Amino acid sequence: PLSGNGIFQALSSALAAPAVINTLLRHPDDGALAQDFHRERVRHTFLRFARTGRDFYRLEQDRADTSFWQARQRWPDDQLAHPETAPEFLGLKERPVLAGDRILSRPVAVTSDQPLGVWHVGGVELEPLLRDLPESAERRATVLPERVQRASRGDRQTAQHLTAWLRHYALL
C-alpha cells in the first residue's frame, strides 16, 4: 500500500452503507437506485485512487523499462487522475444522493472534477440556482447573485460559500 488511504476509504464507504441498506429494506422501489449509488461511488473512488497510485509509480524513471514498473505505470488505464483543465460546470443531471437515512434521486450539478455530482453547497440545493441559466456571462452576473441571496436567506456565510462555488466553476 502507498498510504493508509484504504482504511479511510473503508470507513468512508461505511458511512453511506446504512442509508443504502435502509433504502433496500424500507423502500424497495428505490432498491436499484440505492445499488447504483453504492456501485458508482465505489467504482469512482477505486479508479481515482488507482490512477493516483499509477501516477505515483510513474515517478520512477531509473527502472521504468522493467516489467514490474511497466505493469504498475500502465494500470488501470491512461485517464488523468485529476483533470488538468479549469473546473467546469457540465450541467444538471438526475443522480442518486444520500438524503438522511436513505438514497433518493435528485438533480445534481455535474462538474468536470465532480462527475457524480454535487447536490448542495452550504445546505442549499444547487439545482434551483443553476436551472435555466442565461448563456451570457453578463446576464448570469445579474441573475445568480439574486438567486444566491434568495437561497441563502440572508445568511452571509452561506451566500459566501455559494458564491465561491459558482466562481470556482466560472459561473460568476
# chains A, B, ... in the order shown; residues from 1 in each chain; ligands from 1
$ residues_around --residues "Leu33 (chain A)" --least-positions-apart "4" --cutoff "12 Å" --atoms "only C-alpha atoms" --output "MDAnalysis selection string"
chainID A and resid 19:21 23:24 27:29 37:40 94:98 102:106
$ closest_atom_pairs --of "region 88-138 of chain A" --to "region 143-166 of chain A" --cutoff "12 Å" --atoms "only C-alpha atoms" --output "CSV"
residue,atom,partner,partner_atom,distance
A:Glu88,CA,A:Leu166,CA,10.1
A:Phe89,CA,A:Leu166,CA,9.0
A:Ala109,CA,A:Leu166,CA,10.9
A:Thr111,CA,A:Trp165,CA,11.2
A:Val118,CA,A:Trp165,CA,10.5
A:His120,CA,A:Leu162,CA,9.1
A:Val121,CA,A:Leu162,CA,6.2
A:Gly122,CA,A:Thr158,CA,5.6
A:Gly123,CA,A:Thr158,CA,8.0
A:Val124,CA,A:Ala151,CA,6.7
A:Glu125,CA,A:Ala151,CA,8.5
A:Leu126,CA,A:Leu162,CA,8.6
A:Glu127,CA,A:Ala151,CA,10.9
A:Pro128,CA,A:Arg147,CA,8.1
A:Leu129,CA,A:Arg147,CA,5.9
A:Leu130,CA,A:Leu144,CA,8.1
A:Arg131,CA,A:Leu144,CA,10.4
A:Asp132,CA,A:Val143,CA,10.4
A:Leu133,CA,A:Val143,CA,8.0
A:Pro134,CA,A:Val143,CA,8.1
A:Glu135,CA,A:Val143,CA,11.2
A:Ser136,CA,A:Val143,CA,10.6
A:Ala137,CA,A:Val143,CA,9.8
A:Glu138,CA,A:Val143,CA,9.0
$ select_by_dssp --residues "region 109-147 of chain A" --states "strand (DSSP E or B)" --output "PyMOL selection string"
chain A and resi 109-111+118+120-121+124-125
$ write_last_selection --atoms "N, CA and C atoms" --output "short mmCIF file (atom, residue, chain, number, x, y, z; two decimals), in the first residue's frame"
data_model
loop_
_atom_site.label_atom_id
_atom_site.label_comp_id
_atom_site.auth_asym_id
_atom_site.auth_seq_id
_atom_site.Cartn_x
_atom_site.Cartn_y
_atom_site.Cartn_z
N ALA A 109 -25.53 19.05 -9.68
CA ALA A 109 -24.64 19.77 -10.59
C ALA A 109 -23.46 18.85 -10.91
N VAL A 110 -23.35 18.46 -12.16
CA VAL A 110 -22.23 17.63 -12.59
C VAL A 110 -21.13 18.55 -13.09
N THR A 111 -19.91 18.31 -12.60
CA THR A 111 -18.78 19.14 -12.99
C THR A 111 -17.64 18.25 -13.47
N VAL A 118 -22.81 17.28 -7.47
CA VAL A 118 -22.88 18.00 -6.19
C VAL A 118 -24.34 18.39 -5.99
N HIS A 120 -25.75 19.84 -2.99
CA HIS A 120 -25.92 21.12 -2.32
C HIS A 120 -24.60 21.64 -1.81
N VAL A 121 -24.56 22.94 -1.58
CA VAL A 121 -23.39 23.61 -1.02
C VAL A 121 -23.90 24.45 0.15
N VAL A 124 -27.60 24.33 0.78
CA VAL A 124 -28.51 24.86 -0.24
C VAL A 124 -28.41 24.00 -1.49
N GLU A 125 -29.55 23.51 -1.96
CA GLU A 125 -29.57 22.72 -3.20
C GLU A 125 -29.15 23.61 -4.37
#
$ atom_distance --atom1 "CA of Gly31 (chain A)" --atom2 "CA of Gly100 (chain A)"
15.8 Å
$ select_by_dssp --residues "chain A" --states "helix (DSSP H, G or I)" --output "PDB file with N, CA and C atoms, in the first residue's frame"
ATOM      1  N   ASN A   5      -4.738   5.113   3.011  1.00  0.00           N
ATOM      2  CA  ASN A   5      -5.984   5.545   2.395  1.00  0.00           C
ATOM      3  C   ASN A   5      -7.030   4.444   2.327  1.00  0.00           C
ATOM      4  N   GLY A   6      -6.617   3.196   2.279  1.00  0.00           N
ATOM      5  CA  GLY A   6      -7.571   2.097   2.231  1.00  0.00           C
ATOM      6  C   GLY A   6      -8.472   2.091   3.447  1.00  0.00           C
ATOM      7  N   ILE A   7      -7.887   2.354   4.606  1.00  0.00           N
ATOM      8  CA  ILE A   7      -8.672   2.399   5.840  1.00  0.00           C
ATOM      9  C   ILE A   7      -9.649   3.564   5.772  1.00  0.00           C
ATOM     10  N   PHE A   8      -9.164   4.720   5.303  1.00  0.00           N
ATOM     11  CA  PHE A   8     -10.038   5.881   5.165  1.00  0.00           C
ATOM     12  C   PHE A   8     -11.199   5.568   4.226  1.00  0.00           C
ATOM     13  N   GLN A   9     -10.923   4.934   3.100  1.00  0.00           N
ATOM     14  CA  GLN A   9     -11.969   4.626   2.130  1.00  0.00           C
ATOM     15  C   GLN A   9     -12.974   3.615   2.683  1.00  0.00           C
ATOM     16  N   ALA A  10     -12.487   2.652   3.436  1.00  0.00           N
ATOM     17  CA  ALA A  10     -13.392   1.676   4.040  1.00  0.00           C
ATOM     18  C   ALA A  10     -14.350   2.361   5.012  1.00  0.00           C
ATOM     19  N   LEU A  11     -13.816   3.246   5.842  1.00  0.00           N
ATOM     20  CA  LEU A  11     -14.661   3.968   6.798  1.00  0.00           C
ATOM     21  C   LEU A  11     -15.617   4.919   6.076  1.00  0.00           C
ATOM     22  N   SER A  12     -15.128   5.567   5.053  1.00  0.00           N
ATOM     23  CA  SER A  12     -15.953   6.482   4.275  1.00  0.00           C
ATOM     24  C   SER A  12     -17.123   5.748   3.616  1.00  0.00           C
ATOM     25  N   SER A  13     -16.836   4.601   3.027  1.00  0.00           N
ATOM     26  CA  SER A  13     -17.894   3.797   2.407  1.00  0.00           C
ATOM     27  C   SER A  13     -18.891   3.325   3.455  1.00  0.00           C
ATOM     28  N   ALA A  14     -18.394   3.007   4.637  1.00  0.00           N
ATOM     29  CA  ALA A  14     -19.262   2.512   5.705  1.00  0.00           C
ATOM     30  C   ALA A  14     -20.266   3.571   6.156  1.00  0.00           C
ATOM     31  N   LEU A  15     -19.932   4.841   5.990  1.00  0.00           N
ATOM     32  CA  LEU A  15     -20.849   5.898   6.402  1.00  0.00           C
ATOM     33  C   LEU A  15     -22.112   5.927   5.529  1.00  0.00           C
ATOM     34  N   ALA A  16     -21.985   5.558   4.257  1.00  0.00           N
ATOM     35  CA  ALA A  16     -23.140   5.554   3.355  1.00  0.00           C
ATOM     36  C   ALA A  16     -23.907   4.233   3.421  1.00  0.00           C
ATOM     37  N   ALA A  17     -23.279   3.188   3.911  1.00  0.00           N
ATOM     38  CA  ALA A  17     -23.899   1.859   3.918  1.00  0.00           C
ATOM     39  C   ALA A  17     -25.241   1.810   4.640  1.00  0.00           C
ATOM     40  N   PRO A  18     -25.401   2.417   5.818  1.00  0.00           N
ATOM     41  CA  PRO A  18     -26.716   2.337   6.481  1.00  0.00           C
ATOM     42  C   PRO A  18     -27.850   2.905   5.623  1.00  0.00           C
ATOM     43  N   ALA A  19     -27.595   4.006   4.914  1.00  0.00           N
ATOM     44  CA  ALA A  19     -28.643   4.590   4.063  1.00  0.00           C
ATOM     45  C   ALA A  19     -28.964   3.674   2.890  1.00  0.00           C
ATOM     46  N   VAL A  20     -27.942   3.044   2.333  1.00  0.00           N
ATOM     47  CA  VAL A  20     -28.169   2.101   1.232  1.00  0.00           C
ATOM     48  C   VAL A  20     -28.990   0.917   1.732  1.00  0.00           C
ATOM     49  N   ILE A  21     -28.601   0.351   2.856  1.00  0.00           N
ATOM     50  CA  ILE A  21     -29.306  -0.799   3.425  1.00  0.00           C
ATOM     51  C   ILE A  21     -30.736  -0.412   3.811  1.00  0.00           C
ATOM     52  N   ASN A  22     -30.892   0.759   4.445  1.00  0.00           N
ATOM     53  CA  ASN A  22     -32.223   1.228   4.827  1.00  0.00           C
ATOM     54  C   ASN A  22     -33.125   1.374   3.600  1.00  0.00           C
ATOM     55  N   THR A  23     -32.577   1.908   2.528  1.00  0.00           N
ATOM     56  CA  THR A  23     -33.355   2.071   1.296  1.00  0.00           C
ATOM     57  C   THR A  23     -33.752   0.713   0.741  1.00  0.00           C
ATOM     58  N   LEU A  24     -32.810  -0.228   0.731  1.00  0.00           N
ATOM     59  CA  LEU A  24     -33.113  -1.566   0.222  1.00  0.00           C
ATOM     60  C   LEU A  24     -34.211  -2.246   1.040  1.00  0.00           C
ATOM     61  N   LEU A  25     -34.163  -2.088   2.368  1.00  0.00           N
ATOM     62  CA  LEU A  25     -35.122  -2.764   3.242  1.00  0.00           C
ATOM     63  C   LEU A  25     -36.469  -2.047   3.349  1.00  0.00           C
ATOM     64  N   ARG A  26     -36.430  -0.729   3.477  1.00  0.00           N
ATOM     65  CA  ARG A  26     -37.668   0.009   3.761  1.00  0.00           C
ATOM     66  C   ARG A  26     -38.295   0.685   2.544  1.00  0.00           C
ATOM     67  N   PRO A  28     -38.092  -0.561  -1.041  1.00  0.00           N
ATOM     68  CA  PRO A  28     -37.621  -1.472  -2.099  1.00  0.00           C
ATOM     69  C   PRO A  28     -37.827  -0.937  -3.519  1.00  0.00           C
ATOM     70  N   ASP A  29     -38.775  -0.013  -3.699  1.00  0.00           N
ATOM     71  CA  ASP A  29     -38.958   0.569  -5.031  1.00  0.00           C
ATOM     72  C   ASP A  29     -37.735   1.380  -5.457  1.00  0.00           C
ATOM     73  N   ASP A  30     -36.952   1.848  -4.489  1.00  0.00           N
ATOM     74  CA  ASP A  30     -35.728   2.601  -4.777  1.00  0.00           C
ATOM     75  C   ASP A  30     -34.475   1.736  -4.630  1.00  0.00           C
ATOM     76  N   GLY A  31     -34.664   0.415  -4.554  1.00  0.00           N
ATOM     77  CA  GLY A  31     -33.537  -0.500  -4.360  1.00  0.00           C
ATOM     78  C   GLY A  31     -32.494  -0.406  -5.460  1.00  0.00           C
ATOM     79  N   ALA A  32     -32.929  -0.354  -6.703  1.00  0.00           N
ATOM     80  CA  ALA A  32     -31.976  -0.257  -7.815  1.00  0.00           C
ATOM     81  C   ALA A  32     -31.205   1.058  -7.737  1.00  0.00           C
ATOM     82  N   LEU A  33     -31.883   2.125  -7.340  1.00  0.00           N
ATOM     83  CA  LEU A  33     -31.237   3.428  -7.181  1.00  0.00           C
ATOM     84  C   LEU A  33     -30.156   3.354  -6.102  1.00  0.00           C
ATOM     85  N   ALA A  34     -30.472   2.708  -4.980  1.00  0.00           N
ATOM     86  CA  ALA A  34     -29.503   2.566  -3.889  1.00  0.00           C
ATOM     87  C   ALA A  34     -28.302   1.733  -4.326  1.00  0.00           C
ATOM     88  N   GLN A  35     -28.554   0.681  -5.078  1.00  0.00           N
ATOM     89  CA  GLN A  35     -27.448  -0.146  -5.572  1.00  0.00           C
ATOM     90  C   GLN A  35     -26.584   0.639  -6.549  1.00  0.00           C
ATOM     91  N   ASP A  36     -27.222   1.429  -7.419  1.00  0.00           N
ATOM     92  CA  ASP A  36     -26.462   2.274  -8.355  1.00  0.00           C
ATOM     93  C   ASP A  36     -25.603   3.284  -7.606  1.00  0.00           C
ATOM     94  N   PHE A  37     -26.191   3.894  -6.576  1.00  0.00           N
ATOM     95  CA  PHE A  37     -25.471   4.857  -5.752  1.00  0.00           C
ATOM     96  C   PHE A  37     -24.193   4.228  -5.195  1.00  0.00           C
ATOM     97  N   HIS A  38     -24.355   3.069  -4.576  1.00  0.00           N
ATOM     98  CA  HIS A  38     -23.210   2.381  -3.972  1.00  0.00           C
ATOM     99  C   HIS A  38     -22.181   1.983  -5.035  1.00  0.00           C
ATOM    100  N   ARG A  39     -22.638   1.373  -6.113  1.00  0.00           N
ATOM    101  CA  ARG A  39     -21.750   0.902  -7.174  1.00  0.00           C
ATOM    102  C   ARG A  39     -20.962   2.065  -7.796  1.00  0.00           C
ATOM    103  N   GLU A  40     -21.650   3.167  -8.118  1.00  0.00           N
ATOM    104  CA  GLU A  40     -20.986   4.320  -8.739  1.00  0.00           C
ATOM    105  C   GLU A  40     -19.905   4.893  -7.836  1.00  0.00           C
ATOM    106  N   ARG A  41     -20.214   5.035  -6.566  1.00  0.00           N
ATOM    107  CA  ARG A  41     -19.246   5.628  -5.646  1.00  0.00           C
ATOM    108  C   ARG A  41     -18.040   4.719  -5.406  1.00  0.00           C
ATOM    109  N   VAL A  42     -18.279   3.432  -5.278  1.00  0.00           N
ATOM    110  CA  VAL A  42     -17.160   2.507  -5.087  1.00  0.00           C
ATOM    111  C   VAL A  42     -16.271   2.503  -6.334  1.00  0.00           C
ATOM    112  N   ARG A  43     -16.890   2.444  -7.504  1.00  0.00           N
ATOM    113  CA  ARG A  43     -16.118   2.438  -8.755  1.00  0.00           C
ATOM    114  C   ARG A  43     -15.335   3.737  -8.938  1.00  0.00           C
ATOM    115  N   HIS A  44     -16.001   4.860  -8.717  1.00  0.00           N
ATOM    116  CA  HIS A  44     -15.355   6.165  -8.869  1.00  0.00           C
ATOM    117  C   HIS A  44     -14.163   6.302  -7.918  1.00  0.00           C
ATOM    118  N   THR A  45     -14.386   5.956  -6.658  1.00  0.00           N
ATOM    119  CA  THR A  45     -13.319   6.068  -5.658  1.00  0.00           C
ATOM    120  C   THR A  45     -12.168   5.122  -5.985  1.00  0.00           C
ATOM    121  N   PHE A  46     -12.489   3.889  -6.355  1.00  0.00           N
ATOM    122  CA  PHE A  46     -11.454   2.920  -6.694  1.00  0.00           C
ATOM    123  C   PHE A  46     -10.588   3.435  -7.845  1.00  0.00           C
ATOM    124  N   LEU A  47     -11.222   3.884  -8.920  1.00  0.00           N
ATOM    125  CA  LEU A  47     -10.456   4.351 -10.075  1.00  0.00           C
ATOM    126  C   LEU A  47      -9.654   5.607  -9.759  1.00  0.00           C
ATOM    127  N   ARG A  48     -10.217   6.507  -8.971  1.00  0.00           N
ATOM    128  CA  ARG A  48      -9.478   7.722  -8.620  1.00  0.00           C
ATOM    129  C   ARG A  48      -8.200   7.387  -7.865  1.00  0.00           C
ATOM    130  N   PHE A  49      -8.296   6.491  -6.903  1.00  0.00           N
ATOM    131  CA  PHE A  49      -7.105   6.147  -6.126  1.00  0.00           C
ATOM    132  C   PHE A  49      -6.165   5.230  -6.908  1.00  0.00           C
ATOM    133  N   ALA A  50      -6.698   4.368  -7.772  1.00  0.00           N
ATOM    134  CA  ALA A  50      -5.830   3.540  -8.618  1.00  0.00           C
ATOM    135  C   ALA A  50      -5.015   4.429  -9.554  1.00  0.00           C
ATOM    136  N   ARG A  51      -5.650   5.439 -10.122  1.00  0.00           N
ATOM    137  CA  ARG A  51      -4.941   6.362 -11.027  1.00  0.00           C
ATOM    138  C   ARG A  51      -3.921   7.201 -10.281  1.00  0.00           C
ATOM    139  N   THR A  52      -4.244   7.582  -9.058  1.00  0.00           N
ATOM    140  CA  THR A  52      -3.283   8.329  -8.255  1.00  0.00           C
ATOM    141  C   THR A  52      -2.067   7.450  -7.948  1.00  0.00           C
ATOM    142  N   GLY A  53      -2.301   6.186  -7.611  1.00  0.00           N
ATOM    143  CA  GLY A  53      -1.200   5.246  -7.378  1.00  0.00           C
ATOM    144  C   GLY A  53      -0.366   5.052  -8.633  1.00  0.00           C
ATOM    145  N   ARG A  54      -1.043   4.892  -9.772  1.00  0.00           N
ATOM    146  CA  ARG A  54      -0.333   4.750 -11.051  1.00  0.00           C
ATOM    147  C   ARG A  54       0.566   5.956 -11.292  1.00  0.00           C
ATOM    148  N   ASP A  55       0.063   7.154 -11.032  1.00  0.00           N
ATOM    149  CA  ASP A  55       0.862   8.360 -11.247  1.00  0.00           C
ATOM    150  C   ASP A  55       2.060   8.399 -10.307  1.00  0.00           C
ATOM    151  N   PHE A  56       1.863   7.902  -9.099  1.00  0.00           N
ATOM    152  CA  PHE A  56       2.975   7.806  -8.155  1.00  0.00           C
ATOM    153  C   PHE A  56       4.046   6.856  -8.703  1.00  0.00           C
ATOM    154  N   TYR A  57       3.616   5.700  -9.214  1.00  0.00           N
ATOM    155  CA  TYR A  57       4.568   4.739  -9.785  1.00  0.00           C
ATOM    156  C   TYR A  57       5.266   5.303 -11.023  1.00  0.00           C
ATOM    157  N   SER A  67       9.457  -4.970 -16.329  1.00  0.00           N
ATOM    158  CA  SER A  67       8.049  -5.390 -16.360  1.00  0.00           C
ATOM    159  C   SER A  67       7.325  -5.018 -15.070  1.00  0.00           C
ATOM    160  N   PHE A  68       8.042  -5.097 -13.926  1.00  0.00           N
ATOM    161  CA  PHE A  68       7.435  -4.742 -12.642  1.00  0.00           C
ATOM    162  C   PHE A  68       6.894  -3.315 -12.688  1.00  0.00           C
ATOM    163  N   TRP A  69       7.730  -2.356 -13.088  1.00  0.00           N
ATOM    164  CA  TRP A  69       7.329  -0.953 -13.105  1.00  0.00           C
ATOM    165  C   TRP A  69       6.377  -0.651 -14.250  1.00  0.00           C
ATOM    166  N   GLN A  70       6.555  -1.274 -15.388  1.00  0.00           N
ATOM    167  CA  GLN A  70       5.661  -1.022 -16.522  1.00  0.00           C
ATOM    168  C   GLN A  70       4.221  -1.411 -16.184  1.00  0.00           C
ATOM    169  N   ALA A  71       4.064  -2.563 -15.538  1.00  0.00           N
ATOM    170  CA  ALA A  71       2.715  -3.014 -15.177  1.00  0.00           C
ATOM    171  C   ALA A  71       2.035  -1.993 -14.257  1.00  0.00           C
ATOM    172  N   ARG A  72       2.770  -1.475 -13.297  1.00  0.00           N
ATOM    173  CA  ARG A  72       2.201  -0.528 -12.345  1.00  0.00           C
ATOM    174  C   ARG A  72       2.008   0.857 -12.957  1.00  0.00           C
ATOM    175  N   GLN A  73       2.850   1.231 -13.898  1.00  0.00           N
ATOM    176  CA  GLN A  73       2.740   2.543 -14.527  1.00  0.00           C
ATOM    177  C   GLN A  73       1.660   2.599 -15.601  1.00  0.00           C
ATOM    178  N   ARG A  74       1.105   1.464 -15.983  1.00  0.00           N
ATOM    179  CA  ARG A  74       0.058   1.412 -17.016  1.00  0.00           C
ATOM    180  C   ARG A  74      -1.329   1.106 -16.455  1.00  0.00           C
ATOM    181  N   GLU A 127     -29.585  22.939  -7.700  1.00  0.00           N
ATOM    182  CA  GLU A 127     -30.444  22.904  -8.890  1.00  0.00           C
ATOM    183  C   GLU A 127     -31.275  24.175  -9.080  1.00  0.00           C
ATOM    184  N   PRO A 128     -31.942  24.716  -8.041  1.00  0.00           N
ATOM    185  CA  PRO A 128     -32.699  25.948  -8.266  1.00  0.00           C
ATOM    186  C   PRO A 128     -31.824  27.137  -8.683  1.00  0.00           C
ATOM    187  N   LEU A 129     -30.584  27.156  -8.225  1.00  0.00           N
ATOM    188  CA  LEU A 129     -29.673  28.237  -8.610  1.00  0.00           C
ATOM    189  C   LEU A 129     -29.234  28.119 -10.068  1.00  0.00           C
ATOM    190  N   LEU A 130     -29.084  26.873 -10.535  1.00  0.00           N
ATOM    191  CA  LEU A 130     -28.468  26.632 -11.834  1.00  0.00           C
ATOM    192  C   LEU A 130     -29.456  26.330 -12.952  1.00  0.00           C
ATOM    193  N   ALA A 137     -22.468  35.698 -19.853  1.00  0.00           N
ATOM    194  CA  ALA A 137     -21.859  35.918 -18.539  1.00  0.00           C
ATOM    195  C   ALA A 137     -22.434  37.178 -17.892  1.00  0.00           C
ATOM    196  N   GLU A 138     -22.719  38.196 -18.694  1.00  0.00           N
ATOM    197  CA  GLU A 138     -23.261  39.441 -18.147  1.00  0.00           C
ATOM    198  C   GLU A 138     -24.626  39.205 -17.501  1.00  0.00           C
ATOM    199  N   ARG A 139     -25.453  38.443 -18.170  1.00  0.00           N
ATOM    200  CA  ARG A 139     -26.795  38.164 -17.651  1.00  0.00           C
ATOM    201  C   ARG A 139     -26.711  37.268 -16.408  1.00  0.00           C
ATOM    202  N   ARG A 140     -25.801  36.271 -16.431  1.00  0.00           N
ATOM    203  CA  ARG A 140     -25.611  35.400 -15.251  1.00  0.00           C
ATOM    204  C   ARG A 140     -25.140  36.222 -14.052  1.00  0.00           C
ATOM    205  N   ALA A 141     -24.308  37.240 -14.314  1.00  0.00           N
ATOM    206  CA  ALA A 141     -23.781  38.082 -13.235  1.00  0.00           C
ATOM    207  C   ALA A 141     -24.897  38.866 -12.545  1.00  0.00           C
ATOM    208  N   THR A 142     -26.030  39.006 -13.196  1.00  0.00           N
ATOM    209  CA  THR A 142     -27.192  39.661 -12.594  1.00  0.00           C
ATOM    210  C   THR A 142     -28.096  38.637 -11.924  1.00  0.00           C
ATOM    211  N   VAL A 143     -28.350  37.537 -12.621  1.00  0.00           N
ATOM    212  CA  VAL A 143     -29.307  36.529 -12.150  1.00  0.00           C
ATOM    213  C   VAL A 143     -28.779  35.748 -10.948  1.00  0.00           C
ATOM    214  N   LEU A 144     -27.545  35.284 -11.022  1.00  0.00           N
ATOM    215  CA  LEU A 144     -27.029  34.409  -9.958  1.00  0.00           C
ATOM    216  C   LEU A 144     -26.920  35.083  -8.592  1.00  0.00           C
ATOM    217  N   PRO A 145     -26.406  36.304  -8.481  1.00  0.00           N
ATOM    218  CA  PRO A 145     -26.369  36.917  -7.144  1.00  0.00           C
ATOM    219  C   PRO A 145     -27.758  37.060  -6.513  1.00  0.00           C
ATOM    220  N   GLU A 146     -28.766  37.350  -7.345  1.00  0.00           N
ATOM    221  CA  GLU A 146     -30.136  37.425  -6.816  1.00  0.00           C
ATOM    222  C   GLU A 146     -30.585  36.062  -6.297  1.00  0.00           C
ATOM    223  N   ARG A 147     -30.279  35.009  -7.052  1.00  0.00           N
ATOM    224  CA  ARG A 147     -30.654  33.658  -6.633  1.00  0.00           C
ATOM    225  C   ARG A 147     -29.910  33.258  -5.367  1.00  0.00           C
ATOM    226  N   VAL A 148     -28.643  33.619  -5.284  1.00  0.00           N
ATOM    227  CA  VAL A 148     -27.845  33.288  -4.098  1.00  0.00           C
ATOM    228  C   VAL A 148     -28.433  33.966  -2.867  1.00  0.00           C
ATOM    229  N   GLN A 149     -28.773  35.235  -2.976  1.00  0.00           N
ATOM    230  CA  GLN A 149     -29.345  35.958  -1.836  1.00  0.00           C
ATOM    231  C   GLN A 149     -30.655  35.331  -1.382  1.00  0.00           C
ATOM    232  N   ARG A 150     -31.500  34.965  -2.343  1.00  0.00           N
ATOM    233  CA  ARG A 150     -32.774  34.332  -2.007  1.00  0.00           C
ATOM    234  C   ARG A 150     -32.537  32.974  -1.330  1.00  0.00           C
ATOM    235  N   ALA A 151     -31.638  32.170  -1.910  1.00  0.00           N
ATOM    236  CA  ALA A 151     -31.386  30.819  -1.393  1.00  0.00           C
ATOM    237  C   ALA A 151     -30.714  30.836  -0.024  1.00  0.00           C
ATOM    238  N   SER A 152     -29.856  31.812   0.215  1.00  0.00           N
ATOM    239  CA  SER A 152     -29.125  31.859   1.490  1.00  0.00           C
ATOM    240  C   SER A 152     -29.941  32.503   2.606  1.00  0.00           C
ATOM    241  N   ARG A 156     -25.022  35.298   5.606  1.00  0.00           N
ATOM    242  CA  ARG A 156     -23.843  35.782   4.873  1.00  0.00           C
ATOM    243  C   ARG A 156     -22.844  34.669   4.552  1.00  0.00           C
ATOM    244  N   GLN A 157     -22.611  33.795   5.510  1.00  0.00           N
ATOM    245  CA  GLN A 157     -21.645  32.715   5.300  1.00  0.00           C
ATOM    246  C   GLN A 157     -22.119  31.746   4.213  1.00  0.00           C
ATOM    247  N   THR A 158     -23.408  31.418   4.218  1.00  0.00           N
ATOM    248  CA  THR A 158     -23.964  30.547   3.184  1.00  0.00           C
ATOM    249  C   THR A 158     -23.833  31.214   1.822  1.00  0.00           C
ATOM    250  N   ALA A 159     -24.143  32.506   1.753  1.00  0.00           N
ATOM    251  CA  ALA A 159     -24.015  33.249   0.495  1.00  0.00           C
ATOM    252  C   ALA A 159     -22.562  33.235   0.008  1.00  0.00           C
ATOM    253  N   GLN A 160     -21.618  33.359   0.925  1.00  0.00           N
ATOM    254  CA  GLN A 160     -20.196  33.329   0.549  1.00  0.00           C
ATOM    255  C   GLN A 160     -19.793  31.963   0.009  1.00  0.00           C
ATOM    256  N   HIS A 161     -20.265  30.889   0.642  1.00  0.00           N
ATOM    257  CA  HIS A 161     -19.952  29.530   0.167  1.00  0.00           C
ATOM    258  C   HIS A 161     -20.518  29.310  -1.232  1.00  0.00           C
ATOM    259  N   LEU A 162     -21.764  29.707  -1.435  1.00  0.00           N
ATOM    260  CA  LEU A 162     -22.386  29.536  -2.744  1.00  0.00           C
ATOM    261  C   LEU A 162     -21.671  30.357  -3.808  1.00  0.00           C
ATOM    262  N   THR A 163     -21.345  31.598  -3.483  1.00  0.00           N
ATOM    263  CA  THR A 163     -20.653  32.474  -4.430  1.00  0.00           C
ATOM    264  C   THR A 163     -19.280  31.906  -4.772  1.00  0.00           C
ATOM    265  N   ALA A 164     -18.565  31.407  -3.778  1.00  0.00           N
ATOM    266  CA  ALA A 164     -17.243  30.808  -4.029  1.00  0.00           C
ATOM    267  C   ALA A 164     -17.371  29.600  -4.948  1.00  0.00           C
ATOM    268  N   TRP A 165     -18.389  28.766  -4.723  1.00  0.00           N
ATOM    269  CA  TRP A 165     -18.593  27.587  -5.574  1.00  0.00           C
ATOM    270  C   TRP A 165     -18.895  28.027  -7.003  1.00  0.00           C
ATOM    271  N   LEU A 166     -19.764  28.990  -7.169  1.00  0.00           N
ATOM    272  CA  LEU A 166     -20.119  29.492  -8.507  1.00  0.00           C
ATOM    273  C   LEU A 166     -18.902  30.099  -9.224  1.00  0.00           C
ATOM    274  N   ARG A 167     -18.079  30.804  -8.485  1.00  0.00           N
ATOM    275  CA  ARG A 167     -16.863  31.390  -9.078  1.00  0.00           C
ATOM    276  C   ARG A 167     -15.863  30.295  -9.462  1.00  0.00           C
ATOM    277  N   HIS A 168     -15.759  29.281  -8.624  1.00  0.00           N
ATOM    278  CA  HIS A 168     -14.843  28.172  -8.887  1.00  0.00           C
ATOM    279  C   HIS A 168     -15.133  27.533 -10.249  1.00  0.00           C
TER     280      HIS A 168
END
